[in-house]
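The structure file structure_22.tsv is reproduced below (TSV, C-alpha atoms and all ligand atoms).
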chain	number	residue	atom	x	y	z
M	1	MET	CA	-130.23	6.72	49.21
M	2	ASN	CA	-127.36	6.00	51.60
M	3	LEU	CA	-128.16	3.65	54.43
M	4	PRO	CA	-125.50	2.17	56.69
M	5	ALA	CA	-124.63	-1.33	55.46
M	6	LEU	CA	-125.41	-4.23	57.76
M	7	PRO	CA	-122.21	-6.26	58.34
M	8	ARG	CA	-122.40	-9.66	56.67
M	9	ARG	CA	-122.05	-11.53	59.95
M	10	TYR	CA	-125.45	-10.15	61.05
M	11	HIS	CA	-127.34	-11.18	57.90
M	12	ALA	CA	-128.55	-14.56	59.18
M	13	ALA	CA	-129.48	-13.11	62.59
M	14	SER	CA	-131.42	-10.25	60.95
M	15	ILE	CA	-133.47	-12.79	58.96
M	16	TRP	CA	-134.31	-14.74	62.12
M	17	LEU	CA	-135.22	-11.48	63.82
M	18	LEU	CA	-137.58	-10.73	60.93
M	19	TYR	CA	-139.27	-14.15	61.37
M	20	ALA	CA	-139.64	-13.54	65.13
M	21	ALA	CA	-140.95	-9.97	64.70
M	22	GLY	CA	-143.20	-11.09	61.83
M	23	LEU	CA	-144.86	-13.81	63.89
M	24	ALA	CA	-145.25	-11.59	66.97
M	25	PRO	CA	-148.65	-10.07	65.91
M	26	ALA	CA	-150.14	-13.58	65.56
M	27	ALA	CA	-148.76	-14.66	68.94
M	28	TRP	CA	-149.96	-11.43	70.58
M	29	GLY	CA	-153.42	-11.70	69.01
M	30	PHE	CA	-153.67	-15.32	70.12
M	31	TYR	CA	-152.60	-14.40	73.64
M	32	LEU	CA	-155.17	-11.58	73.85
M	33	GLY	CA	-157.89	-13.88	72.52
M	34	ALA	CA	-156.98	-16.76	74.84
M	35	THR	CA	-156.96	-14.47	77.88
M	36	GLY	CA	-160.30	-12.86	77.02
M	37	GLN	CA	-158.83	-9.46	76.19
M	38	LEU	CA	-160.27	-9.17	72.66
M	39	VAL	CA	-163.44	-7.16	73.06
M	40	GLY	CA	-166.41	-7.98	70.81
M	41	ASN	CA	-166.10	-11.08	68.65
M	42	PRO	CA	-162.63	-12.47	69.50
M	43	VAL	CA	-162.69	-15.12	66.76
M	44	LYS	CA	-163.50	-12.57	64.04
M	45	ILE	CA	-160.94	-10.10	65.40
M	46	PHE	CA	-158.24	-12.79	65.39
M	47	GLU	CA	-159.24	-14.04	61.93
M	48	HIS	CA	-159.12	-10.47	60.58
M	49	LEU	CA	-155.77	-9.76	62.22
M	50	LEU	CA	-154.28	-12.82	60.50
M	51	GLY	CA	-155.80	-11.89	57.12
M	52	GLU	CA	-154.51	-8.34	57.32
M	53	TRP	CA	-150.98	-9.42	58.22
M	54	ALA	CA	-151.06	-11.95	55.38
M	55	LEU	CA	-151.81	-9.13	52.95
M	56	ARG	CA	-149.18	-6.86	54.53
M	57	PHE	CA	-146.49	-9.52	54.09
M	58	LEU	CA	-147.59	-10.27	50.53
M	59	THR	CA	-147.29	-6.57	49.69
M	60	LEU	CA	-143.90	-6.28	51.43
M	61	THR	CA	-142.65	-9.30	49.45
M	62	LEU	CA	-143.55	-7.51	46.21
M	63	LEU	CA	-141.91	-4.28	47.40
M	64	ILE	CA	-138.41	-5.76	47.73
M	65	SER	CA	-137.60	-5.72	43.98
M	66	PRO	CA	-138.75	-2.15	43.21
M	67	ILE	CA	-136.87	-0.88	46.28
M	68	ARG	CA	-133.71	-2.41	44.83
M	69	ASP	CA	-134.43	-1.28	41.27
M	70	ILE	CA	-135.33	2.30	42.14
M	71	PHE	CA	-133.32	3.09	45.27
M	72	GLY	CA	-130.49	0.57	44.94
M	73	ILE	CA	-131.24	-0.85	48.39
M	74	ASN	CA	-130.76	-4.59	48.33
M	75	TRP	CA	-133.01	-6.36	50.80
M	76	ILE	CA	-133.43	-9.42	48.59
M	77	ARG	CA	-132.20	-11.63	51.43
M	78	TYR	CA	-135.41	-10.79	53.31
M	79	ARG	CA	-137.75	-11.66	50.45
M	80	ARG	CA	-138.01	-15.38	51.19
M	81	ALA	CA	-138.77	-14.70	54.88
M	82	LEU	CA	-141.45	-12.15	53.93
M	83	GLY	CA	-143.03	-14.56	51.43
M	84	LEU	CA	-143.01	-17.38	53.96
M	85	LEU	CA	-144.48	-15.11	56.64
M	86	ALA	CA	-147.28	-14.26	54.18
M	87	PHE	CA	-147.84	-17.98	53.65
M	88	TRP	CA	-147.91	-18.77	57.41
M	89	TYR	CA	-150.37	-15.94	58.00
M	90	VAL	CA	-152.68	-17.12	55.21
M	91	LEU	CA	-152.48	-20.65	56.62
M	92	MET	CA	-153.31	-19.41	60.14
M	93	HIS	CA	-156.12	-17.22	58.74
M	94	PHE	CA	-157.53	-20.26	56.94
M	95	LEU	CA	-157.22	-22.44	60.08
M	96	ALA	CA	-158.84	-19.74	62.25
M	97	TYR	CA	-161.71	-19.62	59.75
M	98	MET	CA	-162.08	-23.43	59.62
M	99	VAL	CA	-161.53	-24.34	63.25
M	100	LEU	CA	-162.50	-21.30	65.36
M	101	ASP	CA	-165.09	-19.64	63.12
M	102	LYS	CA	-166.79	-22.61	61.40
M	103	ARG	CA	-165.88	-25.23	64.02
M	104	LEU	CA	-164.90	-27.66	61.26
M	105	ALA	CA	-168.45	-27.79	59.86
M	106	LEU	CA	-167.25	-29.11	56.50
M	107	ASP	CA	-170.59	-28.69	54.72
M	108	VAL	CA	-170.66	-24.97	55.64
M	109	ILE	CA	-166.99	-24.55	54.69
M	110	VAL	CA	-167.46	-26.22	51.29
M	111	GLU	CA	-170.57	-24.14	50.63
M	112	ASP	CA	-168.69	-20.95	51.58
M	113	ILE	CA	-165.74	-21.79	49.33
M	114	THR	CA	-167.93	-22.68	46.36
M	115	LYS	CA	-170.70	-20.09	46.73
M	116	ARG	CA	-169.22	-16.96	48.35
M	117	TRP	CA	-167.03	-15.32	45.74
M	118	PHE	CA	-164.68	-13.56	48.08
M	119	ILE	CA	-163.92	-16.83	49.89
M	120	THR	CA	-163.45	-18.69	46.57
M	121	ILE	CA	-160.89	-16.04	45.55
M	122	GLY	CA	-159.12	-16.23	48.94
M	123	MET	CA	-159.00	-20.00	48.69
M	124	ALA	CA	-157.53	-19.87	45.16
M	125	ALA	CA	-154.83	-17.49	46.40
M	126	PHE	CA	-154.06	-19.80	49.33
M	127	VAL	CA	-153.82	-22.90	47.12
M	128	ALA	CA	-151.53	-21.05	44.68
M	129	LEU	CA	-149.27	-19.99	47.56
M	130	ILE	CA	-148.61	-23.59	48.65
M	131	PRO	CA	-146.24	-24.57	45.77
M	132	LEU	CA	-144.41	-21.27	46.17
M	133	ALA	CA	-143.86	-21.90	49.88
M	134	LEU	CA	-142.76	-25.49	49.22
M	135	THR	CA	-140.21	-24.40	46.60
M	136	SER	CA	-138.84	-21.39	48.45
M	137	ASN	CA	-135.66	-23.27	49.42
M	138	ARG	CA	-132.25	-23.21	47.71
M	139	ARG	CA	-132.51	-26.81	46.55
M	140	SER	CA	-135.71	-26.08	44.60
M	141	ILE	CA	-134.17	-22.94	43.10
M	142	ARG	CA	-131.25	-25.06	41.81
M	143	ARG	CA	-133.46	-27.93	40.69
M	144	LEU	CA	-136.06	-25.84	38.86
M	145	GLY	CA	-133.60	-23.39	37.24
M	146	PRO	CA	-135.35	-20.70	35.12
M	147	LYS	CA	-138.72	-22.37	35.75
M	148	TRP	CA	-138.41	-21.27	39.38
M	149	SER	CA	-138.57	-17.54	38.54
M	150	LYS	CA	-141.50	-18.08	36.17
M	151	MET	CA	-143.37	-20.05	38.79
M	152	HIS	CA	-142.69	-17.51	41.54
M	153	ARG	CA	-144.15	-14.70	39.40
M	154	LEU	CA	-147.45	-16.22	40.58
M	155	ILE	CA	-146.95	-14.06	43.68
M	156	TYR	CA	-148.35	-11.09	41.68
M	157	PRO	CA	-151.77	-12.62	40.84
M	158	ILE	CA	-151.84	-14.08	44.38
M	159	ALA	CA	-151.40	-10.62	45.92
M	160	ALA	CA	-154.04	-9.24	43.52
M	161	ALA	CA	-156.43	-12.03	44.56
M	162	GLY	CA	-155.67	-11.29	48.25
M	163	ALA	CA	-156.47	-7.59	47.78
M	164	LEU	CA	-159.63	-8.40	45.82
M	165	HIS	CA	-160.69	-10.88	48.52
M	166	TYR	CA	-160.21	-8.10	51.09
M	167	CYS	CA	-162.27	-5.60	49.04
M	168	LEU	CA	-165.08	-8.11	48.50
M	169	SER	CA	-165.14	-9.21	52.15
M	170	VAL	CA	-166.58	-5.85	53.23
M	171	LYS	CA	-169.92	-4.25	52.43
M	172	VAL	CA	-168.41	-0.84	51.78
M	173	ILE	CA	-164.88	-0.46	50.43
M	174	GLY	CA	-163.00	1.88	52.77
M	175	PRO	CA	-159.57	3.56	52.75
M	176	GLU	CA	-157.72	0.44	53.96
M	177	GLN	CA	-159.06	-1.78	51.19
M	178	MET	CA	-158.35	0.97	48.65
M	179	LEU	CA	-154.80	1.34	49.96
M	180	TYR	CA	-153.97	-2.37	49.50
M	181	ALA	CA	-155.70	-2.52	46.11
M	182	ALA	CA	-153.78	0.57	44.92
M	183	LEU	CA	-150.46	-0.77	46.25
M	184	VAL	CA	-150.93	-4.09	44.50
M	185	VAL	CA	-151.94	-2.40	41.22
M	186	ILE	CA	-148.87	-0.12	41.40
M	187	LEU	CA	-146.56	-3.06	42.16
M	188	ILE	CA	-147.97	-5.12	39.29
M	189	GLY	CA	-147.67	-2.03	37.05
M	190	TRP	CA	-144.05	-1.68	38.12
M	191	ARG	CA	-143.36	-5.32	37.23
M	192	LEU	CA	-144.75	-4.65	33.74
M	193	VAL	CA	-142.63	-1.54	33.08
M	194	ARG	CA	-139.58	-2.71	35.03
M	195	ARG	CA	-137.68	-4.10	32.07
M	196	TYR	CA	-138.11	-0.83	30.16
M	197	TYR	CA	-136.94	1.19	33.18
M	198	MET	CA	-133.93	-1.08	33.77
M	199	GLU	CA	-132.91	-0.90	30.09
M	200	ARG	CA	-133.05	2.88	30.18
M	201	THR	CA	-130.99	3.08	33.36
M	202	ARG	CA	-128.50	0.32	32.49
M	203	GLY	CA	-124.95	1.57	32.41
M	204	THR	CA	-125.71	4.58	34.59
M	205	ARG	CA	-125.51	2.68	37.85
M	206	THR	CA	-122.63	3.30	40.21
M	207	GLY	CA	-122.17	-0.41	40.86
M	208	PRO	CA	-124.04	-3.45	42.10
M	209	ALA	CA	-126.27	-2.66	45.01
M	210	SER	CA	-125.24	-4.21	48.24
M	211	ASP	CA	-126.78	-4.03	51.63
M	212	GLY	CA	-128.93	-1.05	52.47
M	213	GLN	CA	-126.69	1.28	50.48
M	214	ALA	CA	-126.87	3.40	47.50
M	215	SER	CA	-126.39	2.57	43.89
M	216	ARG	CA	-129.40	4.44	42.72
M	217	ALA	CA	-130.11	4.19	39.05
M	218	LYS	CA	-130.23	7.53	37.29
M	219	PRO	CA	-132.36	7.66	34.16
M	220	ARG	CA	-130.34	8.33	31.05
M	221	SER	CA	-131.15	11.75	29.67
U	301	LIG	C1	-153.89	-14.92	50.08
U	301	LIG	C2	-154.93	-15.36	50.78
U	301	LIG	C3	-155.75	-14.50	51.72
U	301	LIG	C4	-155.56	-13.22	52.16
U	301	LIG	C5	-154.42	-12.27	51.84
U	301	LIG	C6	-156.68	-12.91	53.02
U	301	LIG	C7	-156.86	-11.70	53.66
U	301	LIG	C8	-158.03	-11.33	54.28
U	301	LIG	C9	-158.30	-10.03	54.80
U	301	LIG	C10	-157.30	-8.87	54.77
U	301	LIG	C11	-159.55	-10.03	55.31
U	301	LIG	C12	-160.31	-8.87	55.95
U	301	LIG	C13	-159.89	-8.65	57.35
U	301	LIG	C14	-160.56	-7.43	57.93
U	301	LIG	O1	-161.72	-7.16	57.61
U	301	LIG	O2	-159.93	-6.74	58.71
U	301	LIG	C15	-160.10	-11.34	55.12
U	301	LIG	C16	-161.36	-11.72	55.50
U	301	LIG	C17	-161.81	-13.01	55.41
U	301	LIG	N1	-161.15	-14.09	54.89
U	301	LIG	FE1	-159.35	-14.05	54.01
U	301	LIG	N2	-157.50	-14.01	53.10
U	301	LIG	C18	-156.98	-14.99	52.33
U	301	LIG	C19	-157.46	-16.27	52.17
U	301	LIG	C20	-158.60	-16.75	52.80
U	301	LIG	C21	-159.03	-18.12	52.79
U	301	LIG	C22	-158.28	-19.28	52.14
U	301	LIG	C23	-160.19	-18.18	53.49
U	301	LIG	C24	-161.07	-19.35	53.80
U	301	LIG	C25	-161.27	-20.33	52.98
U	301	LIG	C26	-160.50	-16.83	53.93
U	301	LIG	C27	-161.61	-16.46	54.65
U	301	LIG	C28	-161.93	-15.19	55.03
U	301	LIG	C29	-163.17	-14.80	55.66
U	301	LIG	C30	-164.33	-15.74	55.98
U	301	LIG	C31	-163.09	-13.44	55.89
U	301	LIG	C32	-164.17	-12.52	56.47
U	301	LIG	C33	-164.36	-12.72	57.89
U	301	LIG	C34	-165.65	-12.02	58.26
U	301	LIG	O3	-165.62	-10.79	58.36
U	301	LIG	O4	-166.65	-12.71	58.40
U	301	LIG	N3	-159.50	-15.99	53.52
U	301	LIG	N4	-159.15	-12.11	54.49
Go ahead and render the structure in this file as C-alpha cells.
Ligand code: HEM
Amino acid sequence: MNLPALPRRYHAASIWLLYAAGLAPAAWGFYLGATGQLVGNPVKIFEHLLGEWALRFLTLTLLISPIRDIFGINWIRYRRALGLLAFWYVLMHFLAYMVLDKRLALDVIVEDITKRWFITIGMAAFVALIPLALTSNRRSIRRLGPKWSKMHRLIYPIAAAGALHYCLSVKVIGPEQMLYAALVVILIGWRLVRRYYMERTRGTRTGPASDGQASRAKPRS
C-alpha cells in the first residue's frame, strides 16, 4: 500500500496533534455535560463515552503492529500516544464513576469492585495499565531492556479484559460489544501467529518500512 510519506520534520507535531484530537471527545463530552446539553442521564452518558474511547484507543494501540507487519505502514511512532490516550481515558472513566456516579461513596465503590464481576475485571485492567503508562518513556525502555517488551505485552490481556468488561456491563450483548470482542480476539490471534507469518515472509520484503509507505511483505510461495 503506497501512502505519501510524512516528512520527518512533522513527526513530533503529528504526535501532538494526535494527543489533541484524541482528548477532544472527552473535552467535548465534558462541555456538553457541564452546559446541560446531554439529554437523559448526563453522568452515565459521560462515563460511557469515556469507557468507549478507552476501548477504542486500546484497540488502536494493538492495531499498529499488524498494520506494519501486513501492509508495511510504519505508524509505530504513534503507538505510545495511543496507549497513553487509552490510559487517560480509563483514568477519566474511573474518576467519572467514582466522583460523578458514586459521589465518592467508598463503601459502595468497594462493594462494586469486589462483588460486581464486570467492575472487578475493569478495575484489574486499569491497575495493570498503570505500570505500562508509567514506563512508556524512553528512559524506562533503556533501563528495562528486554523486560520492557515482555511487560508491555500485558496490553493484550488488558484489552481483552476491557472488551470483556464492556460485554458484561450490558444485559444483552449487541453488535458494538461483539465488534470490540471480535477485534481483540483477532488482534490477540495475530500476535500468536505473527512470528510464523514474519518467518515465512522474511527475505521477501522490499526494504524496511518507513512512514506511511509500502514495503508490503509478500508470502513466500
Ligand atoms: C481498561 C479498563 C476499562 C475499559 C476499557 C472500560 C470500558 C467500558 C465501556 C466500553 C463501558 C460501556 C460503555 C457503554 O455502555 O457505552 C464501560 C462501562 C462501565 N465501566 Fe468501564 N472500563 C474500564 C475500567 C473500568 C473501571 C476501573 C471501572 C470502575 C472501577 C469501570 C466502571 C464501569 C461502569 C460502572 C460501567 C457501567 C456504567 C453503567 O452503565 O452503569 N470501568 N466501561
Q: Produce as number ranges by chain the set of residues near ligand LIG 301 (chain U), where near means within 7 Å with all atoms listed in the file considered.
A: M: 44, 47-49, 51-52, 54-55, 90, 93-94, 97, 113, 119-120, 122-123, 125-126, 158-159, 161-163, 165-166, 169-170
Once you have the residues from the selection above, write them out as a short mmCIF file (atom, residue, chain, number, x, y, z; two decimals), keeping the file's coordinate frame, restricted to C-alpha atoms.
data_model
loop_
_atom_site.label_atom_id
_atom_site.label_comp_id
_atom_site.auth_asym_id
_atom_site.auth_seq_id
_atom_site.Cartn_x
_atom_site.Cartn_y
_atom_site.Cartn_z
CA LYS M 44 -163.50 -12.57 64.04
CA GLU M 47 -159.24 -14.04 61.93
CA HIS M 48 -159.12 -10.47 60.58
CA LEU M 49 -155.77 -9.76 62.22
CA GLY M 51 -155.80 -11.89 57.12
CA GLU M 52 -154.51 -8.34 57.32
CA ALA M 54 -151.06 -11.95 55.38
CA LEU M 55 -151.81 -9.13 52.95
CA VAL M 90 -152.68 -17.12 55.21
CA HIS M 93 -156.12 -17.22 58.74
CA PHE M 94 -157.53 -20.26 56.94
CA TYR M 97 -161.71 -19.62 59.75
CA ILE M 113 -165.74 -21.79 49.33
CA ILE M 119 -163.92 -16.83 49.89
CA THR M 120 -163.45 -18.69 46.57
CA GLY M 122 -159.12 -16.23 48.94
CA MET M 123 -159.00 -20.00 48.69
CA ALA M 125 -154.83 -17.49 46.40
CA PHE M 126 -154.06 -19.80 49.33
CA ILE M 158 -151.84 -14.08 44.38
CA ALA M 159 -151.40 -10.62 45.92
CA ALA M 161 -156.43 -12.03 44.56
CA GLY M 162 -155.67 -11.29 48.25
CA ALA M 163 -156.47 -7.59 47.78
CA HIS M 165 -160.69 -10.88 48.52
CA TYR M 166 -160.21 -8.10 51.09
CA SER M 169 -165.14 -9.21 52.15
CA VAL M 170 -166.58 -5.85 53.23
#
Region 9-79 of chain M near region 183-189 of chain M within 12 Å: what's each residue's closest atom pair and its distance in Å to one decimal, counting only C-alpha atoms, ordered by chain then ascending residue number, as a Markdown table?
| residue | atom | partner | partner_atom | distance |
| --- | --- | --- | --- | --- |
| M:Leu55 | CA | M:Val184 | CA | 9.9 |
| M:Arg56 | CA | M:Leu183 | CA | 10.4 |
| M:Phe57 | CA | M:Val184 | CA | 11.9 |
| M:Leu58 | CA | M:Val184 | CA | 9.3 |
| M:Thr59 | CA | M:Val184 | CA | 6.8 |
| M:Leu60 | CA | M:Leu183 | CA | 10.0 |
| M:Thr61 | CA | M:Leu187 | CA | 10.4 |
| M:Leu62 | CA | M:Leu187 | CA | 6.7 |
| M:Leu63 | CA | M:Leu187 | CA | 7.1 |
| M:Ile64 | CA | M:Leu187 | CA | 10.2 |
| M:Ser65 | CA | M:Leu187 | CA | 9.5 |
| M:Pro66 | CA | M:Leu187 | CA | 7.9 |
| M:Ile67 | CA | M:Leu187 | CA | 10.8 |
Q | Coordinates-based distance that separates CA of Tyr31 (chain M) from CA of Ala12 (chain M) (Å, one decimal) | A | 28.1 Å
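The interatomic distance for the pair CA of Leu179 (chain M) and CA of Pro42 (chain M) works out to 25.2 Å.
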Would you list the residues near (-138.5, -15.5, 50.5), meaning any protein, DNA or RNA residue with an atom at most 10 Å from that point in file coordinates, counting all atoms listed in the file, as a compact mmCIF listing (two decimals) with C-alpha atoms, in the frame of the given file?
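Full text of part07.txt as output:
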# COMPACT_ATOMS: atom_id res chain seq x y z
CA THR M 61 -142.65 -9.30 49.45
CA ILE M 76 -133.43 -9.42 48.59
CA ARG M 77 -132.20 -11.63 51.43
CA TYR M 78 -135.41 -10.79 53.31
CA ARG M 79 -137.75 -11.66 50.45
CA ARG M 80 -138.01 -15.38 51.19
CA ALA M 81 -138.77 -14.70 54.88
CA LEU M 82 -141.45 -12.15 53.93
CA GLY M 83 -143.03 -14.56 51.43
CA LEU M 84 -143.01 -17.38 53.96
CA LEU M 85 -144.48 -15.11 56.64
CA ALA M 86 -147.28 -14.26 54.18
CA LEU M 132 -144.41 -21.27 46.17
CA ALA M 133 -143.86 -21.90 49.88
CA THR M 135 -140.21 -24.40 46.60
CA SER M 136 -138.84 -21.39 48.45
CA ASN M 137 -135.66 -23.27 49.42
Q) For the atom pair CA of Ile121 (chain M) and CA of Gln177 (chain M), what is the interatomic distance in Å to one decimal place? A) 15.4 Å
Q: List every protein, DNA or RNA residue that has at least one atom no more than 7 Å from (-157.9, -4.9, 45.4) in the file's coordinates, counting only C-alpha atoms, and write the result as a list in words.
A: Ala160, Ala163, Leu164, Tyr166, Cys167, Gln177, Met178, Tyr180, Ala181 and Ala182 of chain M
Based on the selection just made, write C-alpha atoms of those residues as a compact mmCIF listing (two decimals), in the coordinates of the input.
# COMPACT_ATOMS: atom_id res chain seq x y z
CA ALA M 160 -154.04 -9.24 43.52
CA ALA M 163 -156.47 -7.59 47.78
CA LEU M 164 -159.63 -8.40 45.82
CA TYR M 166 -160.21 -8.10 51.09
CA CYS M 167 -162.27 -5.60 49.04
CA GLN M 177 -159.06 -1.78 51.19
CA MET M 178 -158.35 0.97 48.65
CA TYR M 180 -153.97 -2.37 49.50
CA ALA M 181 -155.70 -2.52 46.11
CA ALA M 182 -153.78 0.57 44.92
Please determine an axis-aligned box that encloses all atoms of region 49-52 of chain M listed in the file, with 6 Å added on each side, and express its centre and edge lengths in Å to one decimal as JSON.
{"center_x": -155.0, "center_y": -10.6, "center_z": 59.7, "size_x": 13.5, "size_y": 16.5, "size_z": 17.1}
Q.
Show me, as a ChimeraX atom specification, the residues that have an atom within 12 Å of Trp28 (chain M) when counting all atoms listed in the file, minus same-chain residues fewer than 4 positions from it.
A. /M:20-24,32-35,37-38,46,49-50
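Proximity to Arg103 (chain M) was assessed for M:Ala124, M:Leu192, M:Val43, M:Ile70 counting all atoms listed in the file; the smallest distance is recorded for M:Val43.
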